[in-house]
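Engineer: Quick one: the structure is below, questions incoming.
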Amino acid sequence: MPKIVFNCPDGSQRIVETRVGSSIMDAGTRSGIPGIVAECGGALACATCHVYVAEQFRDAVGEVGDFEDEMLDDAAAERTEASRLSCQIPMTDALDGVEVTVAPAQ
Ligand code: FES
């Protein structure tokens with residue numbers, strides 16, 4: 001199963017295995033990653049699953065969707081070019097080892 005490296009707001013790093021097709025948000029909430037709130041459960045309605053994707057994985061995670069783009073404008077933490085909503089990133093084998101930093105506020 002592919003792995004996700006989470007850099008948590010408390011400075012800790014956690015590595016989580018998840019199945020292909022599961023979102024990074026799903027893996028984070030199931031594993032109790034601090035700071036992944038995911039109020040809407042992945043319905044693209046809350047922007048509380050905001051993460052920053054490490055530069056080397058930005059191409060692999062794909063483009064920000066149009067509605068995701070609008071939601072990110074309302075995210076609680078600063079939006080950067082690394083910003084994504086983690087519920088919108090389904091895991092693939094190609095993303096094995098993807099590293100994300102959880103936004104400091106959601
Ligand atoms: S969990 Fe609500 S937008 Fe991602």
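Chain lettering (A, B, ...) mirrors the order of the structure tokens, residue numbering begins at 1 for each chain separately, and ligand numbering begins at 1 in order of display.
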List as a Markdown table every residue of chain A that is in contact with ligand 1, defined as an atom at most 8 Å from one of its atoms (using only C-alpha atoms and all ligand atoms), together with the nearest atom pair and the distance in Å rounded to one decimal, sorted by chain and then rising number.
Structural biologist:
| residue | atom | partner | partner_atom_place_in_ligand_line | distance |
| --- | --- | --- | --- | --- |
| A:Met25 | CA | ligand 1 | 1 (S) | 6.7 |
| A:Val37 | CA | ligand 1 | 1 (S) | 7.2 |
| A:Ala38 | CA | ligand 1 | 1 (S) | 3.6 |
| A:Glu39 | CA | ligand 1 | 2 (Fe) | 5.5 |
| A:Cys40 | CA | ligand 1 | 2 (Fe) | 4.2 |
| A:Gly41 | CA | ligand 1 | 1 (S) | 4.7 |
| A:Gly42 | CA | ligand 1 | 1 (S) | 3.7 |
| A:Ala43 | CA | ligand 1 | 2 (Fe) | 5.5 |
| A:Leu44 | CA | ligand 1 | 3 (S) | 3.5 |
| A:Ala45 | CA | ligand 1 | 3 (S) | 4.7 |
| A:Cys46 | CA | ligand 1 | 2 (Fe) | 4.0 |
| A:Ala47 | CA | ligand 1 | 3 (S) | 4.1 |
| A:Thr48 | CA | ligand 1 | 2 (Fe) | 5.5 |
| A:Cys49 | CA | ligand 1 | 4 (Fe) | 4.7 |
| A:His50 | CA | ligand 1 | 4 (Fe) | 7.2 |
| A:Glu68 | CA | ligand 1 | 3 (S) | 7.7 |
| A:Met71 | CA | ligand 1 | 3 (S) | 7.4 |
| A:Leu85 | CA | ligand 1 | 4 (Fe) | 5.3 |
| A:Ser86 | CA | ligand 1 | 4 (Fe) | 6.0 |
| A:Cys87 | CA | ligand 1 | 4 (Fe) | 4.4 |
| A:Gln88 | CA | ligand 1 | 4 (Fe) | 6.7 |
Engineer: Output the selection as an mmCIF file, in the first residue's frame - N, CA and C atoms for each residue.
Structural biologist:
data_model
loop_
_atom_site.group_PDB
_atom_site.id
_atom_site.type_symbol
_atom_site.label_atom_id
_atom_site.label_comp_id
_atom_site.auth_asym_id
_atom_site.auth_seq_id
_atom_site.Cartn_x
_atom_site.Cartn_y
_atom_site.Cartn_z
ATOM 1 N N MET A 25 -6.958 12.921 2.726
ATOM 2 C CA MET A 25 -7.779 13.303 3.880
ATOM 3 C C MET A 25 -8.294 12.068 4.605
ATOM 4 N N VAL A 37 -9.062 18.368 9.896
ATOM 5 C CA VAL A 37 -10.378 18.461 10.523
ATOM 6 C C VAL A 37 -11.438 17.796 9.641
ATOM 7 N N ALA A 38 -11.457 18.161 8.383
ATOM 8 C CA ALA A 38 -12.358 17.540 7.396
ATOM 9 C C ALA A 38 -13.818 17.574 7.835
ATOM 10 N N GLU A 39 -14.274 18.749 8.193
ATOM 11 C CA GLU A 39 -15.645 18.923 8.675
ATOM 12 C C GLU A 39 -16.706 18.366 7.733
ATOM 13 N N CYS A 40 -16.504 18.520 6.449
ATOM 14 C CA CYS A 40 -17.549 18.106 5.494
ATOM 15 C C CYS A 40 -17.385 16.667 5.037
ATOM 16 N N GLY A 41 -16.376 15.994 5.525
ATOM 17 C CA GLY A 41 -16.203 14.584 5.180
ATOM 18 C C GLY A 41 -15.763 14.339 3.754
ATOM 19 N N GLY A 42 -15.221 15.348 3.126
ATOM 20 C CA GLY A 42 -14.712 15.158 1.768
ATOM 21 C C GLY A 42 -15.643 15.640 0.684
ATOM 22 N N ALA A 43 -16.676 16.387 1.061
ATOM 23 C CA ALA A 43 -17.666 16.858 0.086
ATOM 24 C C ALA A 43 -17.258 18.169 -0.588
ATOM 25 N N LEU A 44 -16.051 18.605 -0.350
ATOM 26 C CA LEU A 44 -15.528 19.831 -0.949
ATOM 27 C C LEU A 44 -16.381 21.035 -0.547
ATOM 28 N N ALA A 45 -16.657 21.108 0.753
ATOM 29 C CA ALA A 45 -17.522 22.168 1.245
ATOM 30 C C ALA A 45 -16.989 22.848 2.501
ATOM 31 N N CYS A 46 -15.738 22.581 2.895
ATOM 32 C CA CYS A 46 -15.306 23.156 4.176
ATOM 33 C C CYS A 46 -13.893 23.751 4.157
ATOM 34 N N ALA A 47 -13.020 23.246 3.341
ATOM 35 C CA ALA A 47 -11.617 23.695 3.290
ATOM 36 C C ALA A 47 -10.884 23.485 4.622
ATOM 37 N N THR A 48 -11.319 22.497 5.409
ATOM 38 C CA THR A 48 -10.620 22.205 6.663
ATOM 39 C C THR A 48 -9.752 20.945 6.543
ATOM 40 N N CYS A 49 -9.350 20.665 5.329
ATOM 41 C CA CYS A 49 -8.437 19.538 5.084
ATOM 42 C C CYS A 49 -7.224 20.058 4.306
ATOM 43 N N HIS A 50 -6.929 21.322 4.507
ATOM 44 C CA HIS A 50 -5.876 22.030 3.759
ATOM 45 C C HIS A 50 -4.489 21.478 4.111
ATOM 46 N N GLU A 68 -12.318 23.469 -6.084
ATOM 47 C CA GLU A 68 -11.275 23.406 -5.041
ATOM 48 C C GLU A 68 -10.535 24.738 -4.980
ATOM 49 N N MET A 71 -12.554 27.154 -3.073
ATOM 50 C CA MET A 71 -12.571 26.815 -1.637
ATOM 51 C C MET A 71 -11.255 27.197 -0.966
ATOM 52 N N LEU A 85 -6.524 20.833 -1.137
ATOM 53 C CA LEU A 85 -7.461 20.224 -0.196
ATOM 54 C C LEU A 85 -7.236 18.720 -0.280
ATOM 55 N N SER A 86 -6.877 18.140 0.856
ATOM 56 C CA SER A 86 -6.413 16.746 0.821
ATOM 57 C C SER A 86 -7.517 15.755 0.474
ATOM 58 N N CYS A 87 -8.778 16.165 0.590
ATOM 59 C CA CYS A 87 -9.858 15.259 0.182
ATOM 60 C C CYS A 87 -9.940 15.136 -1.332
ATOM 61 N N GLN A 88 -9.237 15.994 -2.029
ATOM 62 C CA GLN A 88 -9.289 15.992 -3.494
ATOM 63 C C GLN A 88 -8.070 15.315 -4.118
#
Engineer: Just list as a ChimeraX atom specification whatever in chain A DSSP marks as strand (DSSP E or B).
Structural biologist: /A:3-7,13-17,23,50-53,83-85,90,98-102
Engineer: How many Å lie between CA of Glu81 (chain A) and CA of Met1 (chain A), rounded to one decimal?
Structural biologist: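 A separation of 27.8 Å between them.
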Engineer: Quick one: distance from CA of Gln106 (chain A) to CA of Val53 (chain A) in Å, one decimal?
Structural biologist: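 Result for CA of Gln106 (chain A) versus CA of Val53 (chain A): 15.8 Å, one decimal.
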Engineer: Near Lys3 (chain A), within 7 Å and counting only C-alpha atoms, which residues show up once chain neighbours fewer than 6 positions away are dropped, as a VMD selection string?
Structural biologist: chain A and resid 15 to 18 96 to 98
Engineer: As JSON, numbers by chain, please: every residue in chain A that DSSP puts in helix (DSSP H, G or I).
Structural biologist: {"A": [24, 25, 26, 27, 28, 29, 30, 55, 56, 57, 58, 59, 60, 61, 66, 67, 68, 69, 70, 71, 72, 73, 86, 87, 88, 93, 94, 95]}
Engineer: Filtering to C-alpha atoms, could you give me those residues as a compact mmCIF listing (two decimals), in the first residue's frame?
Structural biologist:
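What landed in part33.txt:
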# COMPACT_ATOMS: atom_id res chain seq x y z
CA ILE A 24 -5.08 11.79 1.65
CA MET A 25 -7.78 13.30 3.88
CA ASP A 26 -9.34 9.86 4.50
CA ALA A 27 -5.97 8.43 5.47
CA GLY A 28 -5.29 11.38 7.74
CA THR A 29 -8.58 11.29 9.61
CA ARG A 30 -8.54 7.50 9.99
CA GLU A 55 7.45 20.41 -4.20
CA GLN A 56 8.69 17.12 -5.64
CA PHE A 57 5.14 15.70 -5.61
CA ARG A 58 3.23 18.68 -6.99
CA ASP A 59 3.09 17.41 -10.57
CA ALA A 60 2.08 13.94 -9.44
CA VAL A 61 -0.91 15.14 -7.41
CA ASP A 66 -12.02 24.78 -10.27
CA PHE A 67 -14.22 24.42 -7.19
CA GLU A 68 -11.27 23.41 -5.04
CA ASP A 69 -9.57 26.58 -6.22
CA GLU A 70 -12.48 28.68 -4.95
CA MET A 71 -12.57 26.82 -1.64
CA LEU A 72 -8.85 27.32 -1.08
CA ASP A 73 -9.39 31.08 -1.27
CA SER A 86 -6.41 16.75 0.82
CA CYS A 87 -9.86 15.26 0.18
CA GLN A 88 -9.29 15.99 -3.49
CA ASP A 93 0.88 3.84 -6.42
CA ALA A 94 2.68 6.70 -8.17
CA LEU A 95 2.09 8.86 -5.09
Engineer: Interatomic distance between CA of Pro2 (chain A) and CA of Ala105 (chain A)?
Structural biologist: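 Atom-to-atom, CA of Pro2 (chain A) to CA of Ala105 (chain A), that is 26.6 Å.
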Engineer: Check the smallest atom-to-atom distance from each of A:Asp74, A:Ser12, A:Arg79, A:Met91 to Gly62 (chain A) using only C-alpha atoms, then report the winner.
Structural biologist: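 Of all the options, A:Met91 lies closest to Gly62 (chain A).
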Engineer: Pick the closest to Ser22 (chain A) from A:Ile89, A:Val100, A:Val64, A:Ala75: which is it, counting only C-alpha atoms?
Structural biologist: A:Ile89
Engineer: Need to verify the contact set: Asn7 (chain A), 8 Å, only C-alpha atoms, exclusion of same-chain residues closer than 2 positions in sequence. Can you return it as a VMD selection string?
Structural biologist: chain A and resid 5 9 11 to 14 99 to 102
Engineer: Export C-alpha atoms of the chosen residues as a PDB file, in the first residue's frame?
Structural biologist:
ATOM      1  CA  VAL A   5       4.223  11.338   5.053  1.00  0.00           C
ATOM      2  CA  PRO A   9       1.303  21.213  13.061  1.00  0.00           C
ATOM      3  CA  GLY A  11       6.186  19.429  14.506  1.00  0.00           C
ATOM      4  CA  SER A  12       5.867  15.646  14.503  1.00  0.00           C
ATOM      5  CA  GLN A  13       6.058  13.518  11.381  1.00  0.00           C
ATOM      6  CA  ARG A  14       3.779  10.530  10.833  1.00  0.00           C
ATOM      7  CA  GLU A  99       4.798  14.304   1.684  1.00  0.00           C
ATOM      8  CA  VAL A 100       2.301  16.872   2.878  1.00  0.00           C
ATOM      9  CA  THR A 101       2.405  19.481   5.618  1.00  0.00           C
ATOM     10  CA  VAL A 102      -0.856  20.018   7.439  1.00  0.00           C
TER      11      VAL A 102
END
Engineer: Point out the residue among A:Ala103, A:Ala76, A:Ala82, A:Cys8 with the least atom-to-atom distance to Gly32 (chain A), counting only C-alpha atoms.
Structural biologist: A:Cys8
Engineer: Compare A:Pro104, A:Val51, A:Glu63, A:Ile33 by their minimum atom-to-atom distance to Arg84 (chain A), counting only C-alpha atoms, and give me the closest one.
Structural biologist: A:Val51
